[in-house]
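**Student:** Coordinates in work_9.txt, compact mmCIF, C-alpha atoms and all ligand atoms, are listed below.
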# COMPACT_ATOMS: atom_id res chain seq x y z
CA MET A 1 93.15 103.05 78.59
CA ILE A 2 95.44 104.76 81.10
CA LYS A 3 94.18 103.57 84.48
CA SER A 4 94.08 105.91 87.45
CA VAL A 5 96.09 103.31 89.39
CA ASP A 6 97.66 100.31 87.65
CA LEU A 7 98.83 97.74 90.20
CA LEU A 8 99.62 95.00 87.68
CA LEU A 9 102.49 97.00 86.17
CA GLN A 10 104.19 97.24 89.56
CA HIS A 11 103.58 93.61 90.44
CA ASN A 12 104.92 92.39 87.10
CA LEU A 13 108.19 94.21 87.80
CA ILE A 14 108.72 92.32 91.07
CA ARG A 15 106.74 89.17 90.36
CA ASP A 16 109.62 86.72 90.90
CA GLU A 17 110.45 88.26 94.26
CA LEU A 18 106.78 88.20 95.26
CA ASN A 19 106.39 84.54 94.27
CA GLU A 20 109.49 83.66 96.27
CA ALA A 21 108.19 85.56 99.31
CA ILE A 22 104.78 83.90 99.08
CA ASN A 23 106.39 80.46 98.76
CA ARG A 24 108.50 81.17 101.82
CA VAL A 25 105.35 81.79 103.85
CA ILE A 26 103.82 78.54 102.63
CA ASP A 27 107.05 76.64 103.35
CA ASN A 28 107.18 77.97 106.92
CA SER A 29 103.40 77.89 107.49
CA SER A 30 103.94 81.34 109.01
CA PHE A 31 100.44 82.51 108.12
CA ILE A 32 99.59 84.40 111.30
CA ARG A 33 102.38 86.50 112.84
CA GLY A 34 105.73 84.67 112.45
CA VAL A 35 109.03 85.81 110.93
CA GLU A 36 107.65 87.89 108.06
CA VAL A 37 105.38 89.93 110.33
CA ASP A 38 108.17 90.43 112.91
CA HIS A 39 110.53 91.48 110.12
CA PHE A 40 108.05 93.95 108.70
CA GLU A 41 107.35 95.54 112.09
CA ASN A 42 111.08 96.00 112.68
CA GLU A 43 111.86 97.32 109.22
CA PHE A 44 108.94 99.71 109.05
CA SER A 45 109.58 101.23 112.48
CA ASN A 46 113.32 101.51 111.69
CA LEU A 47 112.62 103.19 108.37
CA LEU A 48 110.55 105.89 110.06
CA GLY A 49 112.69 106.05 113.18
CA VAL A 50 109.95 105.13 115.65
CA ASN A 51 110.28 102.66 118.54
CA GLU A 52 107.15 100.57 118.16
CA CYS A 53 105.23 99.19 115.19
CA ILE A 54 102.01 97.29 115.87
CA SER A 55 100.79 95.59 112.71
CA CYS A 56 97.09 94.89 112.31
CA GLY A 57 94.37 93.93 109.85
CA ASN A 58 93.90 97.21 107.97
CA GLY A 59 94.13 100.99 108.26
CA THR A 60 90.68 101.31 109.76
CA ASP A 61 91.42 98.84 112.54
CA SER A 62 94.62 100.72 113.31
CA LEU A 63 92.63 103.90 113.96
CA TYR A 64 90.05 102.00 116.01
CA ILE A 65 92.73 100.27 118.10
CA ILE A 66 94.41 103.61 118.82
CA MET A 67 91.11 105.28 119.78
CA LYS A 68 90.11 102.43 122.09
CA SER A 69 93.53 102.37 123.72
CA LEU A 70 93.42 106.12 124.35
CA ASN A 71 90.23 105.38 126.34
CA VAL A 72 88.01 107.94 124.66
CA GLY A 73 84.57 108.18 126.24
CA PRO A 74 81.07 109.46 125.49
CA MET A 75 81.79 112.97 126.79
CA ASP A 76 84.92 113.30 124.69
CA GLU A 77 85.17 115.22 121.42
CA VAL A 78 87.69 114.32 118.73
CA ILE A 79 88.39 116.75 115.89
CA VAL A 80 88.77 115.31 112.39
CA PRO A 81 89.00 117.02 108.99
CA ALA A 82 85.83 117.30 106.90
CA MET A 83 87.59 115.82 103.87
CA SER A 84 88.91 112.29 104.35
CA TRP A 85 87.96 108.65 103.96
CA ILE A 86 85.25 107.66 106.46
CA SER A 87 87.65 105.48 108.52
CA THR A 88 88.98 108.65 110.16
CA SER A 89 85.62 109.56 111.64
CA GLU A 90 83.73 106.26 111.97
CA THR A 91 86.39 104.83 114.30
CA VAL A 92 85.98 107.80 116.66
CA THR A 93 82.27 107.04 116.94
CA GLN A 94 82.88 103.31 117.28
CA ALA A 95 85.34 103.91 120.11
CA GLY A 96 82.57 105.81 121.89
CA ALA A 97 83.52 109.48 121.41
CA LYS A 98 81.91 112.34 119.52
CA VAL A 99 83.20 113.32 116.06
CA VAL A 100 83.69 117.05 115.54
CA PHE A 101 84.37 117.94 111.91
CA CYS A 102 86.71 120.75 110.94
CA ASP A 103 87.08 122.38 107.52
CA ILE A 104 90.21 121.96 105.41
CA ASP A 105 92.33 124.59 103.68
CA GLN A 106 93.51 124.71 100.05
CA THR A 107 96.10 121.97 100.73
CA GLY A 108 93.24 119.55 101.43
CA THR A 109 94.41 119.15 105.03
CA ILE A 110 92.90 120.41 108.28
CA SER A 111 92.63 124.21 108.49
CA ILE A 112 94.53 125.61 111.46
CA ALA A 113 92.26 128.66 111.77
CA GLU A 114 89.16 126.44 111.81
CA LEU A 115 90.78 123.95 114.19
CA LEU A 116 91.19 126.67 116.81
CA LYS A 117 87.46 127.43 116.59
CA LYS A 118 86.48 123.78 117.06
CA ILE A 119 88.25 123.24 120.37
CA THR A 120 85.97 123.08 123.41
CA PRO A 121 86.54 121.99 127.04
CA ARG A 122 85.46 118.51 125.90
CA THR A 123 88.05 118.16 123.15
CA VAL A 124 90.51 115.35 123.90
CA GLY A 125 92.32 114.89 120.62
CA ILE A 126 92.90 115.75 116.98
CA ILE A 127 93.30 113.38 114.02
CA PRO A 128 95.12 115.24 111.24
CA VAL A 129 95.01 113.40 107.89
CA HIS A 130 97.91 113.90 105.48
CA LEU A 131 95.43 113.79 102.62
CA TYR A 132 96.55 112.87 99.10
CA GLY A 133 100.12 112.51 100.48
CA GLN A 134 100.35 116.19 101.50
CA PRO A 135 101.65 116.73 105.06
CA CYS A 136 99.48 118.77 107.43
CA ASP A 137 100.93 121.82 109.18
CA MET A 138 102.35 119.71 112.01
CA ASP A 139 104.15 122.53 113.89
CA ALA A 140 100.90 124.44 114.27
CA ILE A 141 98.90 121.33 115.17
CA MET A 142 101.42 120.11 117.75
CA GLU A 143 101.65 123.56 119.34
CA ILE A 144 97.88 123.83 119.63
CA ALA A 145 97.65 120.30 121.05
CA ASN A 146 100.53 120.65 123.49
CA GLN A 147 99.23 123.94 124.90
CA ARG A 148 95.89 122.31 125.65
CA ASN A 149 97.07 118.85 126.60
CA LEU A 150 95.32 117.17 123.65
CA TRP A 151 96.60 114.05 121.94
CA VAL A 152 97.36 113.98 118.22
CA VAL A 153 96.89 110.82 116.15
CA GLU A 154 98.13 111.10 112.57
CA ASP A 155 96.19 109.31 109.82
CA CYS A 156 99.03 108.41 107.44
CA ALA A 157 97.03 106.07 105.19
CA GLN A 158 97.91 108.20 102.14
CA SER A 159 101.28 109.56 103.19
CA HIS A 160 103.94 106.87 103.58
CA LEU A 161 107.34 108.63 103.74
CA ALA A 162 105.95 112.15 103.36
CA LYS A 163 108.00 114.67 105.33
CA TYR A 164 107.28 117.85 107.22
CA LYS A 165 110.38 120.01 107.80
CA GLY A 166 112.58 117.01 106.99
CA LYS A 167 110.85 114.70 109.48
CA TYR A 168 108.60 111.81 108.45
CA VAL A 169 104.89 112.26 109.05
CA GLY A 170 103.68 109.64 111.46
CA THR A 171 106.41 110.60 113.94
CA PHE A 172 104.81 113.75 115.39
CA GLY A 173 101.76 112.59 117.32
CA ARG A 174 101.10 110.14 120.18
CA ALA A 175 100.54 107.44 117.56
CA SER A 176 100.03 107.19 113.81
CA SER A 177 97.92 104.95 111.64
CA PHE A 178 99.00 103.42 108.32
CA SER A 179 97.03 101.49 105.70
CA PHE A 180 98.60 99.06 103.25
CA TYR A 181 95.45 98.64 101.17
CA PRO A 182 96.67 97.54 97.70
CA GLY A 183 96.26 100.95 96.07
CA LYS A 184 98.11 102.90 98.77
CA ASN A 185 101.71 104.06 98.18
CA LEU A 186 102.92 100.98 100.07
CA GLY A 187 100.32 98.32 99.30
CA ALA A 188 99.83 94.67 100.21
CA ILE A 189 97.94 92.14 98.05
CA GLY A 190 94.99 92.29 100.43
CA ASP A 191 94.18 94.17 103.62
CA ALA A 192 96.89 95.22 106.06
CA GLY A 193 97.60 98.08 108.45
CA ALA A 194 99.96 99.25 111.18
CA ILE A 195 100.33 101.67 114.06
CA LEU A 196 103.53 103.51 114.96
CA THR A 197 104.25 105.04 118.35
CA ASN A 198 107.10 105.92 120.70
CA ASP A 199 104.83 105.46 123.73
CA TYR A 200 105.62 102.00 125.16
CA VAL A 201 102.68 101.97 127.57
CA LEU A 202 100.21 102.83 124.83
CA ALA A 203 101.92 100.32 122.50
CA ASP A 204 101.37 97.52 125.00
CA LYS A 205 97.72 98.41 125.41
CA MET A 206 97.23 98.49 121.64
CA LYS A 207 98.96 95.13 121.10
CA LYS A 208 96.81 93.61 123.82
CA PHE A 209 93.58 95.06 122.45
CA ALA A 210 94.35 93.89 118.90
CA ARG A 211 95.08 90.37 120.12
CA HIS A 212 91.98 89.41 122.07
CA GLY A 213 93.07 91.36 125.13
CA GLY A 214 96.15 89.33 126.00
CA LEU A 215 99.76 88.87 124.95
CA VAL A 216 100.17 85.49 126.63
CA LYS A 217 98.21 82.72 124.94
CA GLY A 218 95.16 81.70 126.96
CA ASN A 219 95.38 84.66 129.33
CA HIS A 220 93.01 87.51 128.42
CA GLU A 221 93.38 90.54 130.66
CA ILE A 222 90.60 92.40 128.87
CA GLU A 223 88.19 91.76 126.01
CA GLY A 224 89.79 92.82 122.77
CA ILE A 225 89.40 92.26 119.06
CA ASN A 226 91.17 90.09 116.52
CA SER A 227 93.08 92.30 114.11
CA ARG A 228 96.35 91.08 112.67
CA MET A 229 98.49 91.36 109.57
CA ASP A 230 98.85 87.93 107.98
CA GLY A 231 102.18 86.45 106.97
CA LEU A 232 101.48 86.67 103.24
CA GLN A 233 100.79 90.39 103.42
CA ALA A 234 103.89 90.97 105.53
CA ALA A 235 106.04 88.98 103.08
CA VAL A 236 104.78 91.07 100.16
CA LEU A 237 105.30 94.31 102.09
CA ASN A 238 108.85 93.22 102.99
CA VAL A 239 109.64 92.91 99.27
CA LYS A 240 108.06 96.28 98.53
CA LEU A 241 109.90 98.04 101.36
CA ASN A 242 113.05 97.74 99.23
CA TYR A 243 111.39 99.81 96.52
CA ILE A 244 109.28 102.35 98.39
CA LEU A 245 111.88 105.14 98.39
CA ASP A 246 112.41 104.76 94.66
CA TRP A 247 108.67 104.61 93.96
CA THR A 248 108.11 107.72 96.06
CA ARG A 249 110.75 109.62 94.08
CA LYS A 250 109.08 108.51 90.83
CA ARG A 251 105.72 109.83 92.04
CA GLN A 252 107.41 113.14 92.90
CA TYR A 253 109.04 113.30 89.47
CA LEU A 254 105.73 112.63 87.71
CA ALA A 255 103.92 115.20 89.86
CA ASN A 256 106.52 117.80 88.89
CA LEU A 257 105.93 116.95 85.24
CA TYR A 258 102.18 117.40 85.64
CA MET A 259 102.82 120.73 87.38
CA SER A 260 105.00 122.01 84.54
CA PHE A 261 102.71 120.74 81.75
CA LEU A 262 99.62 122.18 83.44
CA LYS A 263 100.83 125.52 84.73
CA ASP A 264 98.99 128.60 83.54
CA VAL A 265 95.89 126.73 82.35
CA LYS A 266 92.94 129.03 82.84
CA GLY A 267 90.32 127.80 85.29
CA LEU A 268 92.48 124.95 86.52
CA VAL A 269 93.63 124.77 90.15
CA LEU A 270 96.79 122.73 90.71
CA PRO A 271 97.79 121.06 93.98
CA LEU A 272 99.63 123.35 96.39
CA ILE A 273 103.32 122.74 96.87
CA ILE A 274 104.56 124.18 100.14
CA ASN A 275 108.10 124.81 101.34
CA ASP A 276 109.23 122.32 103.94
CA ARG A 277 106.41 119.87 103.17
CA GLU A 278 107.43 116.88 101.09
CA HIS A 279 104.31 115.64 99.31
CA VAL A 280 104.36 111.94 98.31
CA TRP A 281 101.55 112.16 95.76
CA HIS A 282 99.33 109.27 96.72
CA LEU A 283 96.93 111.22 94.52
CA PHE A 284 97.48 114.09 92.09
CA VAL A 285 94.35 116.14 92.64
CA ILE A 286 93.39 119.09 90.48
CA GLN A 287 90.30 121.28 90.76
CA HIS A 288 88.10 122.59 87.99
CA PRO A 289 84.55 124.03 88.04
CA GLU A 290 83.57 121.77 85.10
CA ARG A 291 85.04 118.71 86.80
CA ASP A 292 82.39 116.23 85.64
CA GLU A 293 82.61 117.34 82.01
CA MET A 294 86.40 117.21 82.17
CA ARG A 295 86.24 113.70 83.58
CA LYS A 296 83.96 112.62 80.72
CA TYR A 297 86.27 114.22 78.15
CA LEU A 298 89.28 112.41 79.60
CA LYS A 299 87.40 109.13 79.61
CA GLU A 300 86.52 109.58 75.94
CA ASN A 301 90.26 109.94 75.42
CA ASP A 302 91.03 106.70 77.27
CA ILE A 303 92.11 108.32 80.54
CA GLU A 304 90.63 107.00 83.76
CA THR A 305 90.31 109.43 86.69
CA ALA A 306 88.82 109.26 90.18
CA ILE A 307 87.08 111.58 92.63
CA ASN A 308 88.48 111.67 96.16
CA TYR A 309 85.97 112.27 97.54
CA PRO A 310 82.60 113.01 95.94
CA ILE A 311 80.90 113.74 99.28
CA ALA A 312 82.77 115.34 102.19
CA LEU A 313 82.33 113.48 105.48
CA PRO A 314 79.86 115.86 107.21
CA PHE A 315 77.49 115.68 104.23
CA LEU A 316 77.33 111.88 104.07
CA PRO A 317 74.03 110.25 105.08
CA ALA A 318 76.04 108.59 107.89
CA TYR A 319 76.29 112.02 109.56
CA ASP A 320 72.76 113.29 108.94
CA ARG A 321 72.36 113.30 112.73
CA LEU A 322 74.80 116.21 112.98
CA GLY A 323 72.62 118.34 110.69
CA HIS A 324 75.49 120.04 108.88
CA VAL A 325 74.98 122.35 105.88
CA SER A 326 77.44 123.21 103.11
CA SER A 327 78.30 126.61 104.60
CA ASP A 328 79.65 124.87 107.74
CA PHE A 329 82.58 123.54 105.69
CA PRO A 330 82.84 125.70 102.56
CA ILE A 331 86.28 124.51 101.44
CA ALA A 332 85.48 120.82 101.83
CA PHE A 333 82.19 121.44 100.02
CA ASN A 334 84.03 123.16 97.20
CA PHE A 335 86.51 120.27 97.02
CA GLN A 336 83.77 117.66 96.67
CA ASP A 337 82.38 119.40 93.60
CA ASN A 338 85.67 120.35 91.95
CA VAL A 339 88.37 117.76 92.69
CA LEU A 340 89.62 115.28 90.13
CA SER A 341 92.39 112.74 90.74
CA LEU A 342 94.54 112.24 87.66
CA PRO A 343 96.35 108.95 86.99
CA MET A 344 99.23 108.65 89.46
CA PHE A 345 101.41 105.61 90.11
CA PRO A 346 105.19 105.14 89.84
CA GLU A 347 105.04 103.20 86.55
CA LEU A 348 103.17 105.95 84.70
CA THR A 349 105.36 107.16 81.82
CA VAL A 350 106.48 110.66 80.89
CA ASP A 351 104.63 110.29 77.58
CA GLN A 352 101.44 109.38 79.39
CA VAL A 353 101.69 112.39 81.70
CA GLU A 354 102.27 114.58 78.67
CA TYR A 355 99.28 113.06 76.85
CA ILE A 356 96.98 113.45 79.87
CA SER A 357 98.12 117.06 80.34
CA LEU A 358 97.55 117.80 76.66
CA LYS A 359 93.98 116.50 76.88
CA ILE A 360 93.33 118.64 79.95
CA ARG A 361 94.69 121.72 78.19
CA GLU A 362 92.48 120.90 75.20
CA PHE A 363 89.43 120.60 77.43
CA CYS A 364 90.14 123.88 79.22
CA HIS A 365 90.66 125.77 75.97
CA LEU A 366 87.45 124.38 74.50
CA ASN A 367 85.60 125.52 77.60
CA TYR A 368 87.16 128.95 78.14
C1 LIG A 401 92.62 104.07 103.06
C2 LIG A 401 92.38 104.97 104.20
C3 LIG A 401 92.04 104.51 105.48
C4 LIG A 401 91.66 103.09 105.77
O1 LIG A 401 92.49 102.11 105.41
P1 LIG A 401 91.97 100.63 105.14
O2 LIG A 401 93.24 99.85 105.15
O3 LIG A 401 91.27 100.61 103.83
O4 LIG A 401 91.07 100.23 106.26
C5 LIG A 401 91.96 105.42 106.51
N1 LIG A 401 92.16 106.73 106.32
C6 LIG A 401 92.44 107.23 105.10
C7 LIG A 401 92.66 108.70 104.94
C8 LIG A 401 92.55 106.38 104.00
O5 LIG A 401 92.81 106.89 102.80
Output the file's structure in the form of structure tokens.

**Tutor:**
Amino acid sequence: MIKSVDLLLQHNLIRDELNEAINRVIDNSSFIRGVEVDHFENEFSNLLGVNECISCGNGTDSLYIIMKSLNVGPMDEVIVPAMSWISTSETVTQAGAKVVFCDIDQTGTISIAELLKKITPRTVGIIPVHLYGQPCDMDAIMEIANQRNLWVVEDCAQSHLAKYKGKYVGTFGRASSFSFYPGKNLGAIGDAGAILTNDYVLADKMKKFARHGGLVKGNHEIEGINSRMDGLQAAVLNVKLNYILDWTRKRQYLANLYMSFLKDVKGLVLPLIINDREHVWHLFVIQHPERDEMRKYLKENDIETAINYPIALPFLPAYDRLGHVSSDFPIAFNFQDNVLSLPMFPELTVDQVEYISLKIREFCHLNY
């Protein structure tokens, strides 16, 4: 079986280094914060060229901490794309603001034309999601936001080291949110997350909020939450930081192979590749009208696939209260019924990509 993501292959390659890192944490008892966490925060912010990195428990907490620290309120509207993981929208609600969904375009990221229509006098911010590892149109988003004095918070959970016009995503907005969930491009061996920002005042507020409302032990200026990256996760991430550039290039190489093996297949829609946007292929997502049948055919041929995501955010029961219908977000609706994520991870082999592509071609020819 070719898995859609195979973490064991990657961990076997660096197992000795991981064991050493884990032992170091046990030797130092640096379980909460400590040298490994400090090191990770420094290295990760240096890598992306941002002043502040605030590590936290996971990529959902990072969004929540940002929202709370931006002081969103009940009259405020925050625009989020209709296709994402629910963290992007649930944290807006939890911070006390109103979620306003916006359709995507064929890249899977927020549609600029639709975004313009969603802005009202109550809009305070936009959360673009670099979905699947594909950068959003950041020039257009920043221009729209700057003209109207809106903040931009980038959800980079799927887009570590992706670039827009040569600049890393996560460096455009007021702050950016990263997840290190094990299956992400940079993954821990449990939950972990981080926030990047160049805004020192906001950074201080976020650190405080994530650490029970105070940076000095015993002195709580406000009520906060407890969200922190543990030493073990930081130690593992520090090992993996030495490989992330290489792994990203491997994903890009494999994606190019898929593109060449799958070009010109009737009925099949391939991911868009856009000039000046460096996709990092967290997921390789194709579209086909017979998606479910194709998925079954691939499974019969020992190929595991995934659907990201089977229900677009506005159509989830969690958002019944908004009363949305499919025609409100036609592209996201089309995605939910047609998208299929093919196996994608740096250790996937050329032969495997060729085999998977061959099976897809077979399926498409049988069906057309
Ligand atoms: C994974 C993910 C998150 C949440 O990250 P967790 O670490 O699982 O909390 C948020 N947004 C998007 C787009 C994601 O893919």

**Student:** Could you please extract the residues within 9 Å of ligand LIG 401 (chain A), counting all atoms listed in the file, and hand them back as number ranges by chain?

**Tutor:** A: 57-63, 83-89, 129-132, 155-159, 177-184, 191-193

**Student:** Between A:Lys208, A:Lys217, A:His160, A:Arg24, which has the minimum distance to Leu196 of chain A (counting only C-alpha atoms)?

**Tutor:** A:His160

**Student:** Pick out the closest residue to Ile286 of chain A from this set: A:Val350, A:Leu298, A:Leu340, A:Ile274. Count all atoms listed in the file.

**Tutor:** A:Leu340

**Student:** Please report the interatomic distance between atom CA of Ile54 of chain A and atom CA of Asn238 of chain A in Å with one decimal.

**Tutor:**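 Separating atom CA of Ile54 of chain A from atom CA of Asn238 of chain A is a distance of 15.1 Å.
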
**Student:** Using Å and a single decimal, report how far atom CA of Leu237 of chain A sits from atom CA of Gly187 of chain A.

**Tutor:** 7.0 Å

**Student:** Within 7 Å of Val285 of chain A, counting all atoms listed in the file, which residues qualify if same-chain residues fewer than 3 places away don't, as a list of chain:residue names?

**Tutor:**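 After dropping sequence-adjacent residues, the list is A:Pro271, A:Val339, A:Leu340, A:Ser341, A:Leu342.
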
**Student:** Restricted to C-alpha atoms, what would the selected residues look like written as a PDB file, in the coordinates of the input?

**Tutor:**
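The result, stored in out.pdb:
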ATOM      1  CA  PRO A 271      97.790 121.060  93.980  1.00  0.00           C
ATOM      2  CA  VAL A 339      88.370 117.760  92.690  1.00  0.00           C
ATOM      3  CA  LEU A 340      89.620 115.280  90.130  1.00  0.00           C
ATOM      4  CA  SER A 341      92.390 112.740  90.740  1.00  0.00           C
ATOM      5  CA  LEU A 342      94.540 112.240  87.660  1.00  0.00           C
TER       6      LEU A 342
END

**Student:** If we count only C-alpha atoms, what is near Leu116 of chain A at a cut-off of 12 Å, once residues fewer than 4 positions away on the same chain are taken out, given as a ChimeraX atom specification?

**Tutor:** /A:79,102-103,110-112,120,123,126,140-141,143-145,147-148

**Student:** So which residues touch Val92 of chain A within 9 Å, counting only C-alpha atoms, skipping near sequence neighbours fewer than 2 positions away, as a ChimeraX atom specification?

**Tutor:** /A:63-64,67-68,72,77-78,87-90,94-99

**Student:** Which is closest to Leu8 of chain A among A:Leu313, A:Leu322, A:Met142, A:Leu348, if we use all atoms listed in the file?

**Tutor:** A:Leu348

**Student:** Can you work out which one of A:Glu354, A:Arg291, A:Glu52, A:Thr109 has the shortest atom-to-atom distance to Ala175 of chain A, counting only C-alpha atoms?

**Tutor:**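 Smallest separation from Ala175 of chain A among the options: A:Glu52.
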